[in-house]
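Following: one structure in structure tokens, then a few remarks.
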Amino acid sequence: MKYDVTDEALIKASPSAVFNAIIDVYDGKNNWWMPFVSSKLSQGNSSANLGSEYKVTIHGKTPISFVTKTIEIKPNETIRLHYIKGAYIGEGLWEFKQIGNTTKVVFRWRTSSNTLLLKLIAPFFPIAKTHSAVMQKGFKNLKNLLE
């Protein structure tokens, strides 16, 4: 199964504040996305550096993990990452756009299932909808942190 899902939110903060909060959560320096998502840097000094890798875990009844790698970075504008191993393979793109005194944060998730279990349940389980629910919970926590 292939997924192409876009989620967005408006955060009353600057693009740099939102960008840095995303970097901090990927680096494991801040856990504002808990209890839904956690991350730990596994290679490199910061997820803001090209080639850095980080293990992300989606917490639930059955935790799902994957490793992502930063492949493009424009500070305060975009973070492009590849899902390189684990539950999903593909690409994610974060975008941060100033709109008045808010930041529109957008995440586009283009992946496919990479494990036998996910491939088997994909036709019966709303993975894309579940992904969006986790993203929206994260955006809500991010708003609570920055607003």
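By convention here, the chains of the structure tokens are called A, B, ... in the order presented, each chain's residues are numbered starting at 1, and ligands are numbered starting at 1 in the order presented.
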Neighbour list for Ile127 of chain A as a PyMOL selection string, cut-off 12 Å, only C-alpha atoms, skip fewer than 2 positions in-chain: chain A and resi 1-5+64+87-88+109+111-113+118-125+129-134
Could you pull the residues within 12 Å of segment 14-24 of chain A, counting only C-alpha atoms, minus those fewer than 3 positions along the same chain, as number ranges by chain? A: 9-11, 27-33, 37-41, 45-49, 52-54, 70, 73-81, 93-107, 138-139, 141-147
Take the selection from the previous step and output its residues with C-alpha atoms, as a PDB file, in the first residue's frame.
```pdb
ATOM      1  CA  ALA A   9      -1.978  23.412  11.174  1.00  0.00           C
ATOM      2  CA  LEU A  10      -1.668  27.091  12.019  1.00  0.00           C
ATOM      3  CA  ILE A  11       0.575  27.796  15.004  1.00  0.00           C
ATOM      4  CA  ASP A  27      16.669  14.910  18.253  1.00  0.00           C
ATOM      5  CA  GLY A  28      14.971  13.603  21.400  1.00  0.00           C
ATOM      6  CA  LYS A  29      15.679  16.884  23.247  1.00  0.00           C
ATOM      7  CA  ASN A  30      12.004  17.644  23.847  1.00  0.00           C
ATOM      8  CA  ASN A  31       9.102  15.229  24.203  1.00  0.00           C
ATOM      9  CA  TRP A  32       6.154  17.534  23.410  1.00  0.00           C
ATOM     10  CA  TRP A  33       4.707  14.907  21.020  1.00  0.00           C
ATOM     11  CA  VAL A  37       5.403   9.931  19.198  1.00  0.00           C
ATOM     12  CA  SER A  38       8.968   9.781  20.454  1.00  0.00           C
ATOM     13  CA  SER A  39      12.255  10.083  18.606  1.00  0.00           C
ATOM     14  CA  LYS A  40      15.912   9.519  19.282  1.00  0.00           C
ATOM     15  CA  LEU A  41      18.864  10.683  17.226  1.00  0.00           C
ATOM     16  CA  ASN A  45      24.686  15.676  15.970  1.00  0.00           C
ATOM     17  CA  SER A  46      21.251  17.032  15.023  1.00  0.00           C
ATOM     18  CA  SER A  47      18.391  16.142  12.712  1.00  0.00           C
ATOM     19  CA  ALA A  48      18.957  19.621  11.251  1.00  0.00           C
ATOM     20  CA  ASN A  49      22.135  18.295   9.608  1.00  0.00           C
ATOM     21  CA  SER A  52      21.443  12.604  10.307  1.00  0.00           C
ATOM     22  CA  GLU A  53      19.327   9.587  11.199  1.00  0.00           C
ATOM     23  CA  TYR A  54      16.745   9.248  13.928  1.00  0.00           C
ATOM     24  CA  THR A  70      17.505  14.158   6.781  1.00  0.00           C
ATOM     25  CA  ILE A  73      17.170  21.228   5.000  1.00  0.00           C
ATOM     26  CA  LYS A  74      16.346  24.902   4.574  1.00  0.00           C
ATOM     27  CA  PRO A  75      16.295  26.389   8.075  1.00  0.00           C
ATOM     28  CA  ASN A  76      12.872  27.743   9.041  1.00  0.00           C
ATOM     29  CA  GLU A  77      11.451  26.725   5.633  1.00  0.00           C
ATOM     30  CA  THR A  78      11.644  22.977   4.906  1.00  0.00           C
ATOM     31  CA  ILE A  79      12.880  19.639   6.200  1.00  0.00           C
ATOM     32  CA  ARG A  80      12.887  16.733   3.752  1.00  0.00           C
ATOM     33  CA  LEU A  81      13.507  13.285   5.131  1.00  0.00           C
ATOM     34  CA  LEU A  93       8.375  16.878   3.795  1.00  0.00           C
ATOM     35  CA  TRP A  94       7.876  19.547   6.450  1.00  0.00           C
ATOM     36  CA  GLU A  95       7.113  23.101   5.288  1.00  0.00           C
ATOM     37  CA  PHE A  96       6.933  26.233   7.448  1.00  0.00           C
ATOM     38  CA  LYS A  97       5.237  29.329   5.989  1.00  0.00           C
ATOM     39  CA  GLN A  98       4.714  32.671   7.730  1.00  0.00           C
ATOM     40  CA  ILE A  99       1.108  33.899   7.531  1.00  0.00           C
ATOM     41  CA  GLY A 100       0.733  37.117   9.513  1.00  0.00           C
ATOM     42  CA  ASN A 101       1.679  36.323  13.112  1.00  0.00           C
ATOM     43  CA  THR A 102       1.243  32.572  12.604  1.00  0.00           C
ATOM     44  CA  THR A 103       3.101  29.760  10.915  1.00  0.00           C
ATOM     45  CA  LYS A 104       1.370  27.338   8.610  1.00  0.00           C
ATOM     46  CA  VAL A 105       3.104  24.026   9.222  1.00  0.00           C
ATOM     47  CA  VAL A 106       2.514  21.327   6.604  1.00  0.00           C
ATOM     48  CA  PHE A 107       3.695  17.726   6.626  1.00  0.00           C
ATOM     49  CA  GLY A 138       1.130  16.424  17.629  1.00  0.00           C
ATOM     50  CA  PHE A 139       0.056  19.774  16.196  1.00  0.00           C
ATOM     51  CA  ASN A 141       0.682  19.568  21.579  1.00  0.00           C
ATOM     52  CA  LEU A 142       2.926  21.896  19.546  1.00  0.00           C
ATOM     53  CA  LYS A 143       0.352  24.683  19.852  1.00  0.00           C
ATOM     54  CA  ASN A 144       0.243  24.129  23.625  1.00  0.00           C
ATOM     55  CA  LEU A 145       4.042  24.388  23.736  1.00  0.00           C
ATOM     56  CA  LEU A 146       4.468  27.492  21.580  1.00  0.00           C
ATOM     57  CA  GLU A 147       1.306  29.574  21.957  1.00  0.00           C
TER      58      GLU A 147
END
```
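Counting only C-alpha atoms, the residue from A:Thr115, A:Lys55, A:Thr68, A:Pro35 that sits nearest to Gly92 of chain A is A:Thr68.
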Using DSSP assignments from the backbone, pull out every residue in segment 5-147 of chain A that falls under strand (DSSP E or B) and give it to me as a ChimeraX atom specification. /A:5-11,37-43,53-58,64-74,78-86,88-99,102-113
Determine which residues of segment 3-88 of chain A DSSP labels as helix (DSSP H, G or I) from the backbone of this structure, then write them out as a PyMOL selection string. chain A and resi 15-27
Go through A:Glu8, A:Leu117, A:Arg110, A:Phe36 one by one, measure the shortest atom-to-atom distance of each to Lys61 of chain A using only C-alpha atoms, and give the residue with the smallest value.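 Once distances to Lys61 of chain A are computed over only C-alpha atoms, the minimum belongs to A:Phe36.
With atom CA of Ile89 of chain A on one side and atom CA of Gly44 of chain A on the other, the separation reads 20.4 Å.
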How many Å lie between atom CA of Lys85 of chain A and atom CA of Phe66 of chain A, rounded to one decimal? 5.7 Å
Go ahead and compute the interatomic distance for atom CA of Leu50 of chain A and atom CA of Ile71 of chain A, in Å to one decimal.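 Atom CA of Ile71 of chain A lies at a distance of 5.4 Å from atom CA of Leu50 of chain A.
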